[in-house]
file run_1.txt (compact mmCIF, N, CA and C atoms)
# COMPACT_ATOMS: atom_id res chain seq x y z
N MET A 1 113.89 142.07 136.58
CA MET A 1 113.68 143.26 135.78
C MET A 1 113.55 142.91 134.29
N TYR A 2 114.46 142.05 133.81
CA TYR A 2 114.44 141.65 132.40
C TYR A 2 113.12 140.98 132.03
N LEU A 3 112.64 140.07 132.90
CA LEU A 3 111.41 139.35 132.60
C LEU A 3 110.20 140.29 132.54
N LYS A 4 110.18 141.32 133.39
CA LYS A 4 109.07 142.27 133.37
C LYS A 4 109.07 143.08 132.08
N ILE A 5 110.25 143.51 131.64
CA ILE A 5 110.35 144.27 130.39
C ILE A 5 109.99 143.38 129.20
N LYS A 6 110.48 142.14 129.22
CA LYS A 6 110.15 141.21 128.14
C LYS A 6 108.65 140.97 128.08
N ARG A 7 108.03 140.78 129.22
CA ARG A 7 106.58 140.56 129.27
C ARG A 7 105.82 141.77 128.72
N LEU A 8 106.26 142.97 129.07
CA LEU A 8 105.63 144.19 128.59
C LEU A 8 105.76 144.31 127.07
N ILE A 9 106.93 144.00 126.55
CA ILE A 9 107.14 144.05 125.10
C ILE A 9 106.28 142.99 124.41
N ASP A 10 106.21 141.79 124.98
CA ASP A 10 105.37 140.73 124.40
C ASP A 10 103.91 141.15 124.31
N ILE A 11 103.40 141.74 125.38
CA ILE A 11 102.00 142.18 125.40
C ILE A 11 101.77 143.31 124.40
N ALA A 12 102.70 144.26 124.34
CA ALA A 12 102.55 145.39 123.42
C ALA A 12 102.57 144.92 121.96
N LEU A 13 103.51 144.07 121.61
CA LEU A 13 103.60 143.58 120.23
C LEU A 13 102.40 142.70 119.87
N SER A 14 101.93 141.90 120.82
CA SER A 14 100.74 141.07 120.56
C SER A 14 99.51 141.94 120.32
N THR A 15 99.37 142.98 121.10
CA THR A 15 98.23 143.89 120.93
C THR A 15 98.29 144.58 119.57
N ILE A 16 99.47 145.06 119.20
CA ILE A 16 99.63 145.69 117.89
C ILE A 16 99.31 144.70 116.77
N GLY A 17 99.79 143.47 116.91
CA GLY A 17 99.52 142.44 115.91
C GLY A 17 98.04 142.12 115.78
N LEU A 18 97.34 142.00 116.91
CA LEU A 18 95.90 141.71 116.88
C LEU A 18 95.12 142.84 116.23
N ILE A 19 95.48 144.08 116.54
CA ILE A 19 94.79 145.23 115.95
C ILE A 19 95.06 145.28 114.45
N THR A 20 96.30 145.03 114.06
CA THR A 20 96.66 145.07 112.64
C THR A 20 95.96 143.97 111.84
N LEU A 21 95.86 142.79 112.42
CA LEU A 21 95.30 141.64 111.70
C LEU A 21 93.79 141.49 111.86
N SER A 22 93.15 142.33 112.67
CA SER A 22 91.72 142.17 112.91
C SER A 22 90.86 142.27 111.65
N PRO A 23 91.18 143.11 110.65
CA PRO A 23 90.37 143.08 109.42
C PRO A 23 90.45 141.74 108.69
N ILE A 24 91.62 141.13 108.67
CA ILE A 24 91.78 139.82 108.04
C ILE A 24 90.99 138.77 108.81
N PHE A 25 91.04 138.84 110.14
CA PHE A 25 90.27 137.90 110.97
C PHE A 25 88.77 138.05 110.68
N ALA A 26 88.30 139.28 110.52
CA ALA A 26 86.88 139.51 110.23
C ALA A 26 86.49 138.89 108.89
N ILE A 27 87.35 139.03 107.89
CA ILE A 27 87.08 138.43 106.57
C ILE A 27 87.05 136.91 106.69
N LEU A 28 87.97 136.33 107.44
CA LEU A 28 87.99 134.88 107.64
C LEU A 28 86.72 134.39 108.33
N ILE A 29 86.28 135.11 109.34
CA ILE A 29 85.07 134.74 110.07
C ILE A 29 83.86 134.73 109.13
N ILE A 30 83.74 135.76 108.31
CA ILE A 30 82.62 135.84 107.37
C ILE A 30 82.71 134.71 106.34
N ALA A 31 83.91 134.45 105.83
CA ALA A 31 84.08 133.40 104.82
C ALA A 31 83.73 132.02 105.37
N ILE A 32 84.16 131.74 106.59
CA ILE A 32 83.86 130.44 107.20
C ILE A 32 82.36 130.30 107.44
N LYS A 33 81.74 131.36 107.92
CA LYS A 33 80.30 131.31 108.21
C LYS A 33 79.48 131.14 106.94
N LEU A 34 79.89 131.79 105.85
CA LEU A 34 79.16 131.66 104.59
C LEU A 34 79.39 130.31 103.91
N ASP A 35 80.55 129.72 104.13
CA ASP A 35 80.90 128.47 103.47
C ASP A 35 80.12 127.27 104.00
N SER A 36 80.04 127.15 105.31
CA SER A 36 79.36 125.98 105.88
C SER A 36 78.89 126.30 107.29
N PRO A 37 77.83 125.60 107.74
CA PRO A 37 77.36 125.81 109.11
C PRO A 37 78.34 125.19 110.11
N GLY A 38 78.25 125.64 111.32
CA GLY A 38 79.10 125.09 112.36
C GLY A 38 79.90 126.18 113.05
N PRO A 39 80.71 125.79 114.00
CA PRO A 39 81.48 126.78 114.75
C PRO A 39 82.58 127.40 113.89
N ILE A 40 82.94 128.61 114.20
CA ILE A 40 84.00 129.31 113.47
C ILE A 40 85.37 128.87 113.99
N LEU A 41 85.46 128.71 115.29
CA LEU A 41 86.74 128.33 115.90
C LEU A 41 86.75 126.85 116.26
N PHE A 42 87.92 126.28 116.22
CA PHE A 42 88.15 124.88 116.56
C PHE A 42 89.05 124.86 117.79
N LYS A 43 88.62 124.18 118.85
CA LYS A 43 89.39 124.12 120.09
C LYS A 43 90.10 122.77 120.16
N GLN A 44 91.41 122.81 120.39
CA GLN A 44 92.19 121.59 120.41
C GLN A 44 93.09 121.58 121.64
N LYS A 45 93.20 120.41 122.26
CA LYS A 45 94.04 120.25 123.44
C LYS A 45 95.46 119.90 122.98
N ARG A 46 96.45 120.61 123.48
CA ARG A 46 97.84 120.39 123.12
C ARG A 46 98.66 120.14 124.38
N VAL A 47 99.84 119.56 124.19
CA VAL A 47 100.77 119.31 125.28
C VAL A 47 101.90 120.32 125.16
N GLY A 48 102.15 121.04 126.25
CA GLY A 48 103.18 122.06 126.24
C GLY A 48 104.43 121.63 126.98
N ILE A 49 105.18 122.61 127.40
CA ILE A 49 106.43 122.37 128.11
C ILE A 49 106.14 121.69 129.45
N HIS A 50 106.99 120.80 129.84
CA HIS A 50 106.85 120.02 131.08
C HIS A 50 105.55 119.21 131.09
N LYS A 51 105.08 118.82 129.91
CA LYS A 51 103.89 117.99 129.73
C LYS A 51 102.61 118.62 130.28
N SER A 52 102.56 119.94 130.33
CA SER A 52 101.33 120.61 130.77
C SER A 52 100.40 120.76 129.57
N HIS A 53 99.12 120.59 129.81
CA HIS A 53 98.12 120.66 128.75
C HIS A 53 97.54 122.07 128.66
N PHE A 54 97.25 122.50 127.44
CA PHE A 54 96.59 123.78 127.22
C PHE A 54 95.70 123.65 125.99
N HIS A 55 94.77 124.57 125.85
CA HIS A 55 93.86 124.56 124.71
C HIS A 55 94.27 125.67 123.74
N ILE A 56 94.21 125.35 122.46
CA ILE A 56 94.52 126.31 121.41
C ILE A 56 93.26 126.50 120.57
N LEU A 57 92.99 127.74 120.18
CA LEU A 57 91.85 128.04 119.32
C LEU A 57 92.37 128.32 117.92
N LYS A 58 91.75 127.66 116.93
CA LYS A 58 92.15 127.85 115.54
C LYS A 58 90.90 128.07 114.70
N PHE A 59 91.07 128.76 113.58
CA PHE A 59 89.95 128.90 112.65
C PHE A 59 89.67 127.54 112.04
N ARG A 60 88.40 127.21 111.94
CA ARG A 60 88.00 125.92 111.37
C ARG A 60 88.24 125.94 109.87
N THR A 61 88.95 124.93 109.36
CA THR A 61 89.23 124.84 107.93
C THR A 61 88.56 123.63 107.29
N MET A 62 88.04 122.72 108.09
CA MET A 62 87.40 121.53 107.55
C MET A 62 85.88 121.67 107.66
N ARG A 63 85.17 120.98 106.81
CA ARG A 63 83.72 121.02 106.83
C ARG A 63 83.17 120.14 107.94
N ILE A 64 82.07 120.56 108.54
CA ILE A 64 81.41 119.80 109.59
C ILE A 64 80.52 118.72 108.99
N ASP A 65 79.90 119.02 107.85
CA ASP A 65 78.87 118.15 107.29
C ASP A 65 79.37 117.17 106.23
N THR A 66 80.62 116.73 106.30
CA THR A 66 81.11 115.75 105.32
C THR A 66 80.54 114.37 105.64
N PRO A 67 80.19 113.62 104.62
CA PRO A 67 79.66 112.26 104.86
C PRO A 67 80.72 111.36 105.49
N LYS A 68 80.26 110.47 106.34
CA LYS A 68 81.19 109.58 107.05
C LYS A 68 81.77 108.50 106.14
N ASP A 69 81.06 108.17 105.05
CA ASP A 69 81.53 107.08 104.19
C ASP A 69 82.45 107.53 103.06
N MET A 70 82.76 108.81 103.01
CA MET A 70 83.67 109.30 101.96
C MET A 70 85.12 109.12 102.38
N PRO A 71 86.00 108.76 101.44
CA PRO A 71 87.42 108.65 101.80
C PRO A 71 88.02 110.04 102.04
N THR A 72 89.02 110.07 102.86
CA THR A 72 89.68 111.35 103.14
C THR A 72 90.98 111.46 102.40

call {"tool": "encode", "arguments": {"input": "run_1.txt", "output": "structure tokens"}}
result
Amino acid sequence: MYLKIKRLIDIALSTIGLITLSPIFAILIIAIKLDSPGPILFKQKRVGIHKSHFHILKFRTMRIDTPKDMPT
């Protein structure tokens, strides 16, 4: 019973958070697209609990078209 209620609260709060933050996400998407060509989201493989792998999506913050011979 506790896990079902916790899951319901998690989903409800996540939905409220996504709706609240969606204008900021839209501004970020536009800013990334205007700044440089390439994908908006960056997909990365991570290791989770019990060594299970999952993919996380993040907004791209680095440029795609940086020269290879430049120092980082």

call {"tool": "atom_distance", "arguments": {"input": "run_1.txt", "atom1": "CA of Ile32 in chain A", "atom2": "CA of Arg63 in chain A"}}
result
9.4 Å

call {"tool": "atom_distance", "arguments": {"input": "run_1.txt", "atom1": "atom C of Gly48 in chain A", "atom2": "atom C of Ile9 in chain A"}}
result
21.6 Å

call {"tool": "atom_distance", "arguments": {"input": "run_1.txt", "atom1": "CA of Gly38 in chain A", "atom2": "CA of Ala26 in chain A"}}
result
16.5 Å

call {"tool": "axis_aligned_box", "arguments": {"input": "run_1.txt", "around": "range 52-55 of chain A", "padding_each_side": "6 Å", "output": "AutoDock Vina command-line options"}}
result
--center_x 98.2 --center_y 122.8 --center_z 127.3 --size_x 20.7 --size_y 17.7 --size_z 19.0

call {"tool": "residues_around", "arguments": {"input": "run_1.txt", "residues": "Thr61 in chain A", "least_positions_apart": "5", "cutoff": "8 Å", "atoms": "only N, CA and C atoms", "output": "short mmCIF file (atom, residue, chain, number, x, y, z; two decimals) with N, CA and C atoms, in the coordinates of the input"}}
result
data_model
loop_
_atom_site.label_atom_id
_atom_site.label_comp_id
_atom_site.auth_asym_id
_atom_site.auth_seq_id
_atom_site.Cartn_x
_atom_site.Cartn_y
_atom_site.Cartn_z
N ILE A 32 84.16 131.74 106.59
CA ILE A 32 83.86 130.44 107.20
C ILE A 32 82.36 130.30 107.44
N ILE A 40 82.94 128.61 114.20
CA ILE A 40 84.00 129.31 113.47
C ILE A 40 85.37 128.87 113.99
N LEU A 41 85.46 128.71 115.29
CA LEU A 41 86.74 128.33 115.90
C LEU A 41 86.75 126.85 116.26
N PHE A 42 87.92 126.28 116.22
CA PHE A 42 88.15 124.88 116.56
C PHE A 42 89.05 124.86 117.79
#

call {"tool": "residues_around", "arguments": {"input": "run_1.txt", "residues": "range 43-47 of chain A", "least_positions_apart": "3", "cutoff": "7 Å", "atoms": "only C-alpha atoms", "output": "list in words"}}
result
Lys51, Ser52, His53, Phe54, His55, Ile56, Leu57 and Lys58 of chain A

call {"tool": "select_by_dssp", "arguments": {"input": "run_1.txt", "residues": "chain A", "states": "strand (DSSP E)", "output": "PyMOL selection string"}}
result
chain A and resi 41-47+53-59
